[in-house]
>>> print(open('work-v6.cif').read())   # mmCIF, C-alpha atoms and all ligand atoms
data_protein
#
loop_
_atom_site.label_atom_id
_atom_site.label_comp_id
_atom_site.auth_asym_id
_atom_site.auth_seq_id
_atom_site.Cartn_x
_atom_site.Cartn_y
_atom_site.Cartn_z
CA MET A 1 -47.50 119.61 108.84
CA ILE A 2 -50.36 117.09 108.65
CA TYR A 3 -53.58 118.32 107.08
CA ASN A 4 -57.11 117.07 107.77
CA SER A 5 -59.97 117.11 105.29
CA PRO A 6 -62.25 120.17 105.77
CA ARG A 7 -65.03 119.96 108.39
CA GLY A 8 -68.03 118.05 107.10
CA THR A 9 -66.08 116.15 104.41
CA THR A 10 -64.80 112.57 104.50
CA ASP A 11 -62.32 110.40 102.62
CA TYR A 12 -63.62 107.06 101.42
CA TYR A 13 -61.47 103.99 100.82
CA GLY A 14 -61.41 100.23 101.37
CA LYS A 15 -64.79 98.63 102.10
CA ASP A 16 -66.64 101.96 101.88
CA ILE A 17 -65.76 102.11 98.21
CA LYS A 18 -67.28 98.66 97.73
CA TYR A 19 -70.51 99.83 99.39
CA ILE A 20 -70.63 103.00 97.30
CA GLU A 21 -69.95 101.02 94.16
CA PHE A 22 -72.71 98.55 95.02
CA ILE A 23 -75.25 101.31 95.73
CA LEU A 24 -74.38 103.20 92.54
CA ASN A 25 -74.35 100.11 90.34
CA THR A 26 -77.66 98.86 91.74
CA ALA A 27 -79.26 102.28 91.27
CA ARG A 28 -77.91 102.78 87.74
CA GLU A 29 -79.05 99.33 86.71
CA MET A 30 -82.55 99.90 88.08
CA PHE A 31 -82.88 103.38 86.60
CA LYS A 32 -82.05 101.93 83.21
CA ILE A 33 -84.60 99.13 83.65
CA TYR A 34 -87.23 101.79 84.40
CA ASN A 35 -86.04 103.65 81.29
CA TYR A 36 -84.30 106.67 82.87
CA GLU A 37 -81.28 108.15 81.09
CA GLU A 38 -78.32 109.84 82.72
CA ILE A 39 -77.76 113.59 82.68
CA VAL A 40 -74.59 115.24 84.01
CA THR A 41 -74.74 118.89 85.07
CA PRO A 42 -72.05 121.17 86.58
CA HIS A 43 -71.18 121.15 90.27
CA PHE A 44 -71.93 124.86 90.46
CA GLU A 45 -74.56 127.14 88.98
CA TYR A 46 -75.41 130.82 89.10
CA THR A 47 -76.72 131.37 92.64
CA GLU A 48 -80.09 132.49 91.36
CA VAL A 49 -80.84 129.02 89.99
CA PHE A 50 -80.97 127.60 93.53
CA ALA A 51 -82.35 130.72 95.20
CA ARG A 52 -85.32 130.67 92.80
CA ALA A 53 -85.95 126.93 92.80
CA VAL A 54 -85.27 125.96 96.40
CA GLY A 55 -86.74 129.23 97.69
CA GLU A 56 -85.29 132.44 99.16
CA ASN A 57 -86.84 131.65 102.54
CA SER A 58 -85.80 128.01 102.70
CA GLU A 59 -83.26 126.87 105.26
CA ILE A 60 -80.91 125.77 102.49
CA VAL A 61 -80.80 129.14 100.73
CA GLN A 62 -80.80 131.14 103.95
CA LYS A 63 -78.09 129.24 105.79
CA GLU A 64 -76.56 126.34 103.94
CA MET A 65 -75.25 127.34 100.53
CA PHE A 66 -71.58 127.47 99.58
CA THR A 67 -71.74 130.70 97.63
CA PHE A 68 -68.73 132.52 96.17
CA GLN A 69 -67.88 135.11 93.59
CA ASP A 70 -65.84 134.28 90.52
CA LYS A 71 -63.10 136.59 89.29
CA LYS A 72 -65.64 138.63 87.34
CA GLY A 73 -67.81 139.16 90.41
CA ARG A 74 -70.59 136.73 89.40
CA SER A 75 -72.27 134.93 92.26
CA LEU A 76 -71.94 131.16 91.98
CA THR A 77 -73.08 128.39 94.31
CA LEU A 78 -71.97 124.78 94.74
CA ARG A 79 -75.11 122.75 94.07
CA PRO A 80 -77.03 121.85 97.25
CA GLU A 81 -79.40 119.56 95.33
CA GLY A 82 -79.91 118.19 91.83
CA THR A 83 -83.37 119.15 90.57
CA ALA A 84 -82.77 122.86 89.92
CA SER A 85 -79.76 122.13 87.68
CA VAL A 86 -81.60 119.42 85.75
CA VAL A 87 -84.56 121.74 85.10
CA ARG A 88 -82.20 124.53 84.06
CA ALA A 89 -80.41 122.14 81.66
CA VAL A 90 -83.63 120.72 80.20
CA ILE A 91 -84.83 124.23 79.35
CA GLU A 92 -81.42 125.44 78.12
CA HIS A 93 -81.07 122.52 75.68
CA LYS A 94 -84.81 122.23 74.93
CA LEU A 95 -84.80 118.57 75.88
CA PHE A 96 -88.56 118.51 76.22
CA GLY A 97 -89.62 117.02 72.90
CA GLU A 98 -92.94 115.51 71.98
CA ASN A 99 -92.17 112.29 73.68
CA LEU A 100 -92.83 113.21 77.28
CA PRO A 101 -92.17 112.33 80.02
CA LEU A 102 -88.47 112.88 79.78
CA LYS A 103 -87.00 110.44 82.29
CA LEU A 104 -83.59 111.45 83.59
CA PHE A 105 -81.27 110.43 86.40
CA TYR A 106 -78.13 111.98 87.88
CA ALA A 107 -75.44 111.10 90.40
CA GLY A 108 -72.87 113.27 92.12
CA SER A 109 -71.72 115.45 94.99
CA MET A 110 -73.97 118.00 96.68
CA PHE A 111 -72.86 120.68 99.14
CA ARG A 112 -74.69 122.08 102.16
CA TYR A 113 -73.19 124.10 104.98
CA GLU A 114 -74.88 122.06 107.73
CA ARG A 115 -73.76 121.20 111.25
CA PRO A 116 -71.90 117.96 110.57
CA GLN A 117 -72.90 114.77 112.38
CA LYS A 118 -73.22 111.10 111.52
CA GLY A 119 -75.08 110.91 108.20
CA ARG A 120 -75.06 114.67 107.71
CA MET A 121 -72.15 116.15 105.85
CA ARG A 122 -71.20 119.31 104.04
CA GLU A 123 -70.21 117.38 100.94
CA PHE A 124 -72.31 114.29 100.24
CA SER A 125 -73.48 112.40 97.18
CA GLN A 126 -76.94 111.91 95.84
CA ILE A 127 -78.37 109.84 93.08
CA GLY A 128 -81.75 110.94 91.84
CA VAL A 129 -84.34 110.77 89.09
CA GLU A 130 -86.54 113.38 87.44
CA ALA A 131 -89.61 112.51 85.39
CA ILE A 132 -90.37 115.64 83.44
CA GLY A 133 -93.65 116.13 81.59
CA SER A 134 -96.43 114.12 83.17
CA ASP A 135 -99.13 115.20 85.57
CA SER A 136 -100.47 111.67 85.98
CA PRO A 137 -100.66 110.09 89.44
CA ALA A 138 -99.30 106.98 87.70
CA MET A 139 -96.03 108.88 87.24
CA ASP A 140 -95.85 109.60 90.98
CA ALA A 141 -96.63 105.95 91.67
CA GLU A 142 -93.91 104.79 89.30
CA ILE A 143 -91.15 106.81 90.91
CA ILE A 144 -92.29 105.85 94.42
CA TRP A 145 -92.22 102.22 93.23
CA LEU A 146 -88.70 102.73 91.86
CA LEU A 147 -87.51 104.32 95.13
CA ASN A 148 -88.97 101.50 97.19
CA SER A 149 -87.63 98.74 94.93
CA LEU A 150 -84.18 100.28 94.90
CA PHE A 151 -83.85 100.06 98.69
CA LYS A 152 -85.27 96.53 98.68
CA ASN A 153 -82.66 95.51 96.10
CA LEU A 154 -79.97 97.07 98.26
CA GLY A 155 -80.97 94.67 101.05
CA PHE A 156 -83.17 96.86 103.30
CA LYS A 157 -86.02 94.95 104.95
CA ASN A 158 -88.05 97.32 107.10
CA LEU A 159 -88.78 100.37 105.06
CA LYS A 160 -91.45 102.94 105.68
CA LEU A 161 -92.74 105.05 102.83
CA HIS A 162 -94.21 108.33 104.06
CA ILE A 163 -96.43 110.06 101.54
CA ASN A 164 -98.35 113.30 101.78
CA SER A 165 -99.87 115.96 99.58
CA ILE A 166 -99.16 119.60 100.25
CA GLY A 167 -101.94 120.44 97.80
CA CYS A 168 -102.21 122.74 94.82
CA PRO A 169 -101.45 126.47 95.36
CA GLN A 170 -105.14 127.12 96.20
CA CYS A 171 -105.57 124.51 98.90
CA ARG A 172 -102.09 125.19 100.27
CA LYS A 173 -102.99 128.87 100.64
CA GLU A 174 -106.15 127.96 102.46
CA TYR A 175 -104.25 125.56 104.73
CA MET A 176 -101.59 128.20 105.54
CA ASN A 177 -104.35 130.47 106.83
CA VAL A 178 -105.79 127.68 108.96
CA LEU A 179 -102.35 126.74 110.30
CA GLU A 180 -101.29 130.32 111.01
CA LYS A 181 -104.57 130.91 112.85
CA TYR A 182 -103.93 127.79 114.92
CA LEU A 183 -100.34 128.85 115.75
CA LYS A 184 -101.19 132.45 116.69
CA PRO A 185 -102.04 131.78 120.39
CA TYR A 186 -98.81 129.73 120.78
CA GLU A 187 -96.45 132.36 119.38
CA LYS A 188 -94.79 133.00 122.72
CA ASP A 189 -93.99 129.28 123.13
CA LEU A 190 -92.58 128.63 119.65
CA CYS A 191 -88.82 128.59 119.02
CA ALA A 192 -87.25 131.52 117.20
CA ASP A 193 -86.85 129.49 113.99
CA CYS A 194 -90.54 128.56 113.91
CA LEU A 195 -91.60 132.13 114.61
CA ASN A 196 -89.46 133.16 111.69
CA ARG A 197 -91.09 130.53 109.46
CA ILE A 198 -94.61 131.82 110.04
CA GLY A 199 -95.80 133.85 107.10
CA LYS A 200 -92.76 133.00 104.98
CA ASN A 201 -92.45 129.26 105.00
CA THR A 202 -95.07 128.24 107.52
CA LEU A 203 -95.26 124.57 106.49
CA ARG A 204 -91.69 124.05 107.62
CA VAL A 205 -92.73 124.29 111.27
CA PHE A 206 -93.50 120.57 110.93
CA ASP A 207 -89.79 119.96 110.47
CA CYS A 208 -88.90 121.49 113.84
CA LYS A 209 -87.13 119.19 116.31
CA VAL A 210 -87.74 121.38 119.40
CA GLU A 211 -89.95 119.48 121.88
CA THR A 212 -92.30 122.37 122.75
CA CYS A 213 -92.93 123.11 119.08
CA ARG A 214 -93.53 119.42 118.37
CA LYS A 215 -96.09 119.27 121.19
CA ILE A 216 -97.91 122.31 119.84
CA LEU A 217 -97.94 120.86 116.34
CA LYS A 218 -99.27 117.49 117.44
CA ASN A 219 -102.81 118.87 117.58
CA ALA A 220 -102.48 121.21 114.62
CA PRO A 221 -105.07 120.87 111.85
CA LYS A 222 -103.92 118.54 109.06
CA ILE A 223 -103.49 119.62 105.47
CA SER A 224 -105.75 116.78 104.32
CA GLY A 225 -108.63 118.80 105.82
CA SER A 226 -107.89 121.64 103.38
CA LEU A 227 -107.25 119.60 100.22
CA CYS A 228 -109.60 120.29 97.33
CA GLU A 229 -111.47 117.38 95.71
CA LYS A 230 -109.00 117.22 92.81
CA CYS A 231 -105.96 117.01 95.13
CA LYS A 232 -107.69 114.42 97.31
CA LYS A 233 -108.52 112.25 94.31
CA TYR A 234 -104.99 112.61 92.94
CA LEU A 235 -103.49 111.28 96.18
CA GLN A 236 -106.02 108.46 96.33
CA ASP A 237 -105.16 107.46 92.74
CA ILE A 238 -101.50 107.12 93.75
CA PHE A 239 -102.46 105.02 96.76
CA ASP A 240 -104.60 102.77 94.54
CA ILE A 241 -101.69 102.05 92.18
CA LEU A 242 -99.33 101.43 95.09
CA LYS A 243 -101.81 98.87 96.41
CA VAL A 244 -101.78 97.08 93.04
CA LEU A 245 -97.99 97.05 93.24
CA ASP A 246 -98.12 95.65 96.78
CA ILE A 247 -96.24 98.61 98.20
CA GLU A 248 -96.95 99.50 101.79
CA TYR A 249 -97.15 103.22 102.50
CA PHE A 250 -98.05 105.52 105.33
CA HIS A 251 -100.06 108.69 104.75
CA ASN A 252 -98.02 111.03 106.96
CA GLU A 253 -100.04 114.23 107.10
CA ASN A 254 -97.24 116.02 108.91
CA LEU A 255 -94.63 115.36 106.24
CA VAL A 256 -93.11 118.50 104.75
CA ARG A 257 -89.96 118.91 102.67
CA GLY A 258 -87.26 121.52 102.52
CA PHE A 259 -87.67 122.90 99.02
CA ASP A 260 -90.18 125.52 97.95
CA TYR A 261 -90.61 124.05 94.48
CA TYR A 262 -92.75 121.16 95.67
CA THR A 263 -96.43 121.07 94.74
CA GLY A 264 -98.86 118.28 95.60
CA THR A 265 -97.31 114.88 96.27
CA ILE A 266 -94.24 114.60 98.49
CA PHE A 267 -92.68 111.45 99.93
CA GLU A 268 -89.78 110.11 101.95
CA ILE A 269 -88.37 106.64 102.52
CA ILE A 270 -87.24 105.80 106.01
CA SER A 271 -85.53 102.78 107.51
CA SER A 272 -87.68 101.81 110.48
CA ASP A 273 -84.91 99.57 111.87
CA ILE A 274 -83.10 102.60 113.23
CA GLU A 275 -84.35 105.40 115.44
CA SER A 276 -82.35 108.40 114.38
CA ALA A 277 -82.86 111.85 112.99
CA GLN A 278 -80.80 110.62 110.02
CA ASN A 279 -82.92 107.60 109.09
CA ALA A 280 -84.45 109.26 106.02
CA LEU A 281 -82.68 107.60 103.12
CA GLY A 282 -84.25 109.59 100.33
CA GLY A 283 -87.23 111.62 99.30
CA GLY A 284 -88.84 113.66 96.63
CA GLY A 285 -92.06 114.97 95.21
CA ARG A 286 -93.88 116.83 92.49
CA TYR A 287 -92.81 120.20 91.18
CA ASP A 288 -95.41 121.30 88.67
CA ASP A 289 -94.49 124.99 88.43
CA LEU A 290 -90.69 125.02 88.38
CA MET A 291 -90.25 124.62 84.62
CA GLU A 292 -92.46 127.61 83.94
CA GLU A 293 -90.79 129.66 86.67
CA PHE A 294 -87.46 128.99 84.96
CA GLY A 295 -88.82 130.30 81.66
CA GLY A 296 -89.70 126.90 80.20
CA PRO A 297 -93.05 125.51 79.11
CA LYS A 298 -95.74 124.62 81.64
CA ILE A 299 -94.74 121.03 82.25
CA SER A 300 -95.49 119.02 85.36
CA SER A 301 -92.68 116.98 86.86
CA THR A 302 -91.72 114.78 89.75
CA GLY A 303 -88.51 113.29 91.13
CA PHE A 304 -86.55 111.98 94.08
CA ALA A 305 -83.02 111.92 95.46
CA ILE A 306 -81.32 109.46 97.76
CA GLY A 307 -78.24 110.03 99.88
CA ILE A 308 -75.42 107.60 99.07
CA GLU A 309 -73.43 108.03 102.32
CA ARG A 310 -76.49 107.78 104.52
CA THR A 311 -77.55 104.64 102.68
CA MET A 312 -74.08 103.17 103.17
CA LEU A 313 -73.98 104.05 106.89
CA LEU A 314 -77.35 102.42 107.47
CA MET A 315 -76.40 99.34 105.47
CA LYS A 316 -73.35 98.94 107.69
CA ASP A 317 -75.28 99.64 110.92
CA LEU A 318 -77.93 97.09 109.92
CA GLY A 319 -75.29 94.50 108.99
CA ILE A 320 -76.35 94.32 105.35
CA ILE A 321 -73.59 92.34 103.64
CA LEU A 322 -72.71 93.10 100.06
CA PRO A 323 -73.39 90.21 97.70
CA ASN A 324 -69.81 90.34 96.41
CA PHE A 325 -68.44 89.71 99.87
CA LYS A 326 -70.23 86.39 100.00
CA ASN A 327 -69.44 85.14 96.52
CA LYS A 328 -66.03 83.70 95.97
CA THR A 329 -64.31 85.33 93.01
CA SER A 330 -60.87 84.34 91.78
CA LYS A 331 -58.16 86.77 92.66
CA VAL A 332 -54.64 85.84 91.68
CA TYR A 333 -51.39 87.05 93.19
CA LEU A 334 -48.22 86.58 91.15
CA ILE A 335 -45.14 86.23 93.30
CA ASN A 336 -42.10 87.23 91.31
CA MET A 337 -38.91 85.94 92.94
CA SER A 338 -36.58 88.33 91.11
CA SER A 339 -36.72 91.41 88.90
CA ARG A 340 -34.79 89.32 86.34
CA PHE A 341 -38.10 87.56 85.61
CA ASN A 342 -40.05 90.76 84.87
CA GLU A 343 -40.47 89.96 81.20
CA TYR A 344 -41.99 86.55 82.00
CA LEU A 345 -44.13 88.09 84.76
CA PHE A 346 -45.59 90.83 82.56
CA GLY A 347 -46.46 88.30 79.84
CA ILE A 348 -48.60 86.41 82.38
CA LEU A 349 -50.14 89.59 83.87
CA LYS A 350 -51.06 90.75 80.38
CA PHE A 351 -52.72 87.43 79.58
CA LEU A 352 -54.70 87.29 82.85
CA ARG A 353 -55.84 90.90 82.71
CA HIS A 354 -56.85 90.52 79.08
CA ASN A 355 -59.05 87.64 80.24
CA LYS A 356 -60.56 89.80 83.04
CA ILE A 357 -58.99 87.87 85.90
CA ILE A 358 -58.34 90.07 88.94
CA CYS A 359 -54.62 89.88 89.61
CA ASP A 360 -51.68 91.74 91.05
CA THR A 361 -48.02 91.14 91.76
CA ASN A 362 -45.35 91.98 94.32
CA PHE A 363 -43.48 95.04 93.10
CA ASN A 364 -41.06 94.76 96.02
CA MET A 365 -39.12 91.57 96.71
CA LYS A 366 -39.80 89.88 100.04
CA ASN A 367 -39.66 86.24 101.02
CA LEU A 368 -41.95 83.62 99.51
CA GLY A 369 -43.56 82.46 102.76
CA LYS A 370 -44.43 86.03 103.80
CA GLU A 371 -45.86 86.81 100.38
CA ILE A 372 -48.12 83.74 100.44
CA LYS A 373 -49.34 84.59 103.94
CA TRP A 374 -50.05 88.17 102.94
CA ALA A 375 -51.95 87.05 99.82
CA GLN A 376 -54.09 84.83 102.02
CA THR A 377 -55.01 87.59 104.45
CA GLU A 378 -55.86 89.88 101.53
CA GLY A 379 -58.40 87.38 100.19
CA TYR A 380 -56.48 86.11 97.15
CA SER A 381 -57.69 82.73 95.97
CA HIS A 382 -54.52 81.67 94.13
CA VAL A 383 -50.86 82.54 93.93
CA ILE A 384 -48.64 81.94 90.92
CA ILE A 385 -44.98 81.56 91.78
CA ILE A 386 -42.42 82.77 89.26
CA GLY A 387 -38.90 81.59 90.06
CA GLU A 388 -35.78 80.29 88.33
CA ASN A 389 -37.30 76.86 87.65
CA GLU A 390 -40.55 78.24 86.19
CA VAL A 391 -38.85 80.68 83.86
CA SER A 392 -36.21 78.20 82.60
CA ASN A 393 -38.83 75.52 81.88
CA ASN A 394 -41.73 77.76 80.79
CA LEU A 395 -43.91 76.65 83.67
CA LEU A 396 -46.50 78.17 85.97
CA THR A 397 -46.66 77.00 89.58
CA ILE A 398 -50.21 77.68 90.79
CA LYS A 399 -51.15 77.32 94.43
CA ASP A 400 -54.84 77.26 95.45
CA LEU A 401 -54.99 79.15 98.76
CA ASN A 402 -58.35 77.67 99.75
CA ASN A 403 -57.13 74.07 99.94
CA PHE A 404 -53.35 74.52 99.56
CA THR A 405 -53.11 72.20 96.57
CA GLN A 406 -50.43 73.08 94.07
CA MET A 407 -49.94 72.23 90.41
CA GLN A 408 -47.63 73.06 87.56
CA LEU A 409 -48.85 73.84 84.07
CA SER A 410 -47.01 74.63 80.89
CA TRP A 411 -47.17 78.33 80.11
CA LEU A 412 -46.65 77.60 76.43
CA ASN A 413 -49.24 74.87 75.83
CA GLU A 414 -51.78 74.98 78.63
CA LYS A 415 -53.15 78.55 78.68
CA ALA A 416 -56.75 77.33 78.36
CA LYS A 417 -56.24 75.09 81.37
CA VAL A 418 -54.80 78.03 83.34
CA LEU A 419 -57.95 80.03 82.62
CA ASP A 420 -60.20 77.10 83.54
CA LEU A 421 -58.45 76.80 86.84
CA LEU A 422 -58.60 80.49 87.66
CA LYS A 423 -62.04 81.52 86.37
P1 LIG B 501 -83.04 116.16 100.26
O1 LIG B 501 -82.28 116.55 99.04
O2 LIG B 501 -82.87 117.10 101.40
O3 LIG B 501 -84.45 115.77 99.98
O4 LIG B 501 -82.35 114.82 100.79
C1 LIG B 501 -82.46 113.59 100.13
C2 LIG B 501 -81.49 112.63 100.79
O5 LIG B 501 -80.15 113.11 100.65
C3 LIG B 501 -81.68 112.49 102.29
O6 LIG B 501 -82.68 111.57 102.60
C4 LIG B 501 -80.32 112.03 102.72
O7 LIG B 501 -80.16 110.65 102.48
C5 LIG B 501 -79.41 112.78 101.79
N1 LIG B 501 -78.88 114.01 102.43
C6 LIG B 501 -79.46 115.24 102.47
N2 LIG B 501 -78.66 116.12 103.13
C7 LIG B 501 -77.57 115.43 103.50
C8 LIG B 501 -76.36 115.77 104.20
N3 LIG B 501 -76.12 117.00 104.62
N4 LIG B 501 -75.45 114.80 104.40
C9 LIG B 501 -75.65 113.53 103.96
N5 LIG B 501 -76.76 113.16 103.28
C10 LIG B 501 -77.69 114.08 103.05
#
>>> encode(input="work-v6.cif", output="structure tokens", more="lines below")
Ligand code: AMP
Amino acid sequence: MIYNSPRGTTDYYGKDIKYIEFILNTAREMFKIYNYEEIVTPHFEYTEVFARAVGENSEIVQKEMFTFQDKKGRSLTLRPEGTASVVRAVIEHKLFGENLPLKLFYAGSMFRYERPQKGRMREFSQIGVEAIGSDSPAMDAEIIWLLNSLFKNLGFKNLKLHINSIGCPQCRKEYMNVLEKYLKPYEKDLCADCLNRIGKNTLRVFDCKVETCRKILKNAPKISGSLCEKCKKYLQDIFDILKVLDIEYFHNENLVRGFDYYTGTIFEIISSDIESAQNALGGGGRYDDLMEEFGGPKISSTGFAIGIERTMLLMKDLGIILPNFKNKTSKVYLINMSSRFNEYLFGILKFLRHNKIICDTNFNMKNLGKEIKWAQTEGYSHVIIIGENEVSNNLLTIKDLNNFTQMQLSWLNEKAKVLDLLK
């Protein structure tokens, strides 16, 4: 019996791991430079945490959650996103001190029961930040700056930053009325999903991919027309800071996002090199009411999340080469000609590994020529041959696979030289 991984999940190995490692390392490094600290939360929460935060009427809660009961009958859900858990944890452990904003980041698997396709999986990983405790537009600008710089550092060239404001509760309410009035005459032409959204989650109609709905929405009134002066100024303040930072952005008045907790600013970063429904690499926004809704203090917050797999897929599609692939690093393969020489072999392995030199050995005996060829195809830069002669005379035979020169050094007296050669 051969088993496959469950639908919507993937195994990663080989080069993919190098991409994932590069994305995670770059992100972690940048988050630390911007002074964000890591928080780790569980992979599952009580279902209510997500139902409340993401919204009962959202697509995610309605259709996409992996919900199950534990042995005591409690309803639990595998996390579909990171913000709700972080907010729950911040309140539970009272992490909001006097020194706000609290700047946190997280990384890990998320789970959504979606229809799988390229760049859309049921288990995927996100890395994200949350800046908790500032209602300043400068905070929004900082995290948008971080998001943009992160993708630049990953090697993306043509990025488009879509930014919008969905207003404060007052102007959003006013806009809903305007939008619902506009949609009323088109009700018979809207898809079933959009009809269902009206009155419950009306803004989400802008997310619809159905052509007739898109046509209807093209001429719909924009939310910017309903924004109050305060919300308008807030958005303009963000734009002004982004200009100082030389960050290009696009005020996309049709941008909406899938979580109910958003208030005011929302944004998404898109690779404009690729025309695909899955070209959104990451996104986020403000959530000024969630802390209070979860029983915490009234603290304004903002954050974003990026998809690791989608970022990797796009990097590969765009031919973005990882820096490590270009740089030559020493990688040493020790060819042991007989298990009789294991003691000698392990002494050398121990020395090289202690000195952080990437190395490996043949655990199965084959012939020397084949081993050297194999080492070459695997990208090793050097081989060290350990045979009768080497062991009897305390020697190391080192072959440079780039130019096929070979030299012998004394294992007893020339360790520094060995390191010089291999580093
Ligand atoms: P969201 O949490 O929906 O705002 O999504 C943020 C980012 O996570 C997206 O831009 C994608 O890169 C990634 N993402 C969201 N859903 C999926 C999924 N089902 N599969 C893979 N990546 C996803």
>>> closest_residue(input="work-v6.cif", among="A:Tyr3, A:Phe206, A:Tyr13, A:Phe111", to="ligand LIG 501 (chain B)", atoms="all atoms listed in the file")
A:Phe111
>>> residues_near_ligand(input="work-v6.cif", ligand="ligand LIG 501 (chain B)", cutoff="6 Å", atoms="only C-alpha atoms and all ligand atoms", output="number ranges by chain")
A: 81, 112, 119-122, 124, 126, 280-284, 305-307, 310
>>> write_last_selection(input="work-v6.cif", atoms="C-alpha atoms", output="CSV table (one decimal), in the frame of the given file")
chain,number,residue,atom,x,y,z
A,81,GLU,CA,-79.4,119.6,95.3
A,112,ARG,CA,-74.7,122.1,102.2
A,119,GLY,CA,-75.1,110.9,108.2
A,120,ARG,CA,-75.1,114.7,107.7
A,121,MET,CA,-72.2,116.2,105.8
A,122,ARG,CA,-71.2,119.3,104.0
A,124,PHE,CA,-72.3,114.3,100.2
A,126,GLN,CA,-76.9,111.9,95.8
A,280,ALA,CA,-84.4,109.3,106.0
A,281,LEU,CA,-82.7,107.6,103.1
A,282,GLY,CA,-84.2,109.6,100.3
A,283,GLY,CA,-87.2,111.6,99.3
A,284,GLY,CA,-88.8,113.7,96.6
A,305,ALA,CA,-83.0,111.9,95.5
A,306,ILE,CA,-81.3,109.5,97.8
A,307,GLY,CA,-78.2,110.0,99.9
A,310,ARG,CA,-76.5,107.8,104.5
>>> atom_distance(input="work-v6.cif", atom1="CA of Lys72 (chain A)", atom2="CA of Glu92 (chain A)")
22.5 Å
>>> residues_around(input="work-v6.cif", residues="Val90 (chain A)", least_positions_apart="3", cutoff="12 Å", atoms="all atoms listed in the file", output="MDAnalysis selection string")
chainID A and resid 39:41 83:87 93:97 101:104 130:133 290:292 294:297 299 301
>>> atom_distance(input="work-v6.cif", atom1="CA of Asp193 (chain A)", atom2="CA of Val210 (chain A)")
9.8 Å
>>> closest_residue(input="work-v6.cif", among="A:Lys15, A:Lys215, A:Lys222, A:His162", to="Tyr175 (chain A)", atoms="only C-alpha atoms")
A:Lys222
>>> closest_residue(input="work-v6.cif", among="A:Gly73, A:Gly155, A:Pro169, A:Gly8", to="Leu318 (chain A)", atoms="only C-alpha atoms")
A:Gly155
>>> decode(input="work-v6.cif", residues="region 36-50 of chain A", atoms="N, CA and C atoms", output="JSON list (two decimals), in the first residue's frame")
[["chain", "number", "residue", "atom", "x", "y", "z"],
["A", 36, "TYR", "N", 10.91, 43.68, 16.10],
["A", 36, "TYR", "CA", 9.78, 42.80, 16.41],
["A", 36, "TYR", "C", 10.32, 41.55, 17.09],
["A", 37, "GLU", "N", 9.60, 41.06, 18.10],
["A", 37, "GLU", "CA", 10.04, 39.85, 18.81],
["A", 37, "GLU", "C", 9.11, 38.70, 18.52],
["A", 38, "GLU", "N", 9.65, 37.49, 18.56],
["A", 38, "GLU", "CA", 8.85, 36.33, 18.17],
["A", 38, "GLU", "C", 7.87, 35.91, 19.27],
["A", 39, "ILE", "N", 6.70, 35.46, 18.83],
["A", 39, "ILE", "CA", 5.73, 34.84, 19.74],
["A", 39, "ILE", "C", 5.30, 33.52, 19.09],
["A", 40, "VAL", "N", 5.19, 32.48, 19.89],
["A", 40, "VAL", "CA", 4.76, 31.18, 19.37],
["A", 40, "VAL", "C", 3.44, 30.83, 20.06],
["A", 41, "THR", "N", 2.41, 30.57, 19.28],
["A", 41, "THR", "CA", 1.11, 30.21, 19.85],
["A", 41, "THR", "C", 0.73, 28.81, 19.36],
["A", 42, "PRO", "N", -0.28, 28.17, 19.96],
["A", 42, "PRO", "CA", -0.64, 26.80, 19.55],
["A", 42, "PRO", "C", -1.18, 26.73, 18.12],
["A", 43, "HIS", "N", -1.15, 25.54, 17.56],
["A", 43, "HIS", "CA", -1.70, 25.35, 16.22],
["A", 43, "HIS", "C", -3.22, 25.26, 16.24],
["A", 44, "PHE", "N", -3.81, 25.06, 17.42],
["A", 44, "PHE", "CA", -5.27, 25.08, 17.49],
["A", 44, "PHE", "C", -5.73, 25.90, 18.69],
["A", 45, "GLU", "N", -6.95, 26.40, 18.55],
["A", 45, "GLU", "CA", -7.53, 27.26, 19.60],
["A", 45, "GLU", "C", -8.98, 26.81, 19.78],
["A", 46, "TYR", "N", -9.63, 27.31, 20.82],
["A", 46, "TYR", "CA", -11.07, 27.11, 20.91],
["A", 46, "TYR", "C", -11.70, 27.78, 19.70],
["A", 47, "THR", "N", -12.66, 27.12, 19.07],
["A", 47, "THR", "CA", -13.24, 27.60, 17.82],
["A", 47, "THR", "C", -13.72, 29.04, 17.90],
["A", 48, "GLU", "N", -14.23, 29.40, 19.08],
["A", 48, "GLU", "CA", -14.78, 30.74, 19.24],
["A", 48, "GLU", "C", -13.77, 31.86, 18.98],
["A", 49, "VAL", "N", -12.49, 31.56, 19.26],
["A", 49, "VAL", "CA", -11.45, 32.58, 19.06],
["A", 49, "VAL", "C", -11.46, 33.04, 17.60],
["A", 50, "PHE", "N", -11.54, 32.08, 16.67],
["A", 50, "PHE", "CA", -11.54, 32.45, 15.25],
["A", 50, "PHE", "C", -12.91, 32.93, 14.79]]
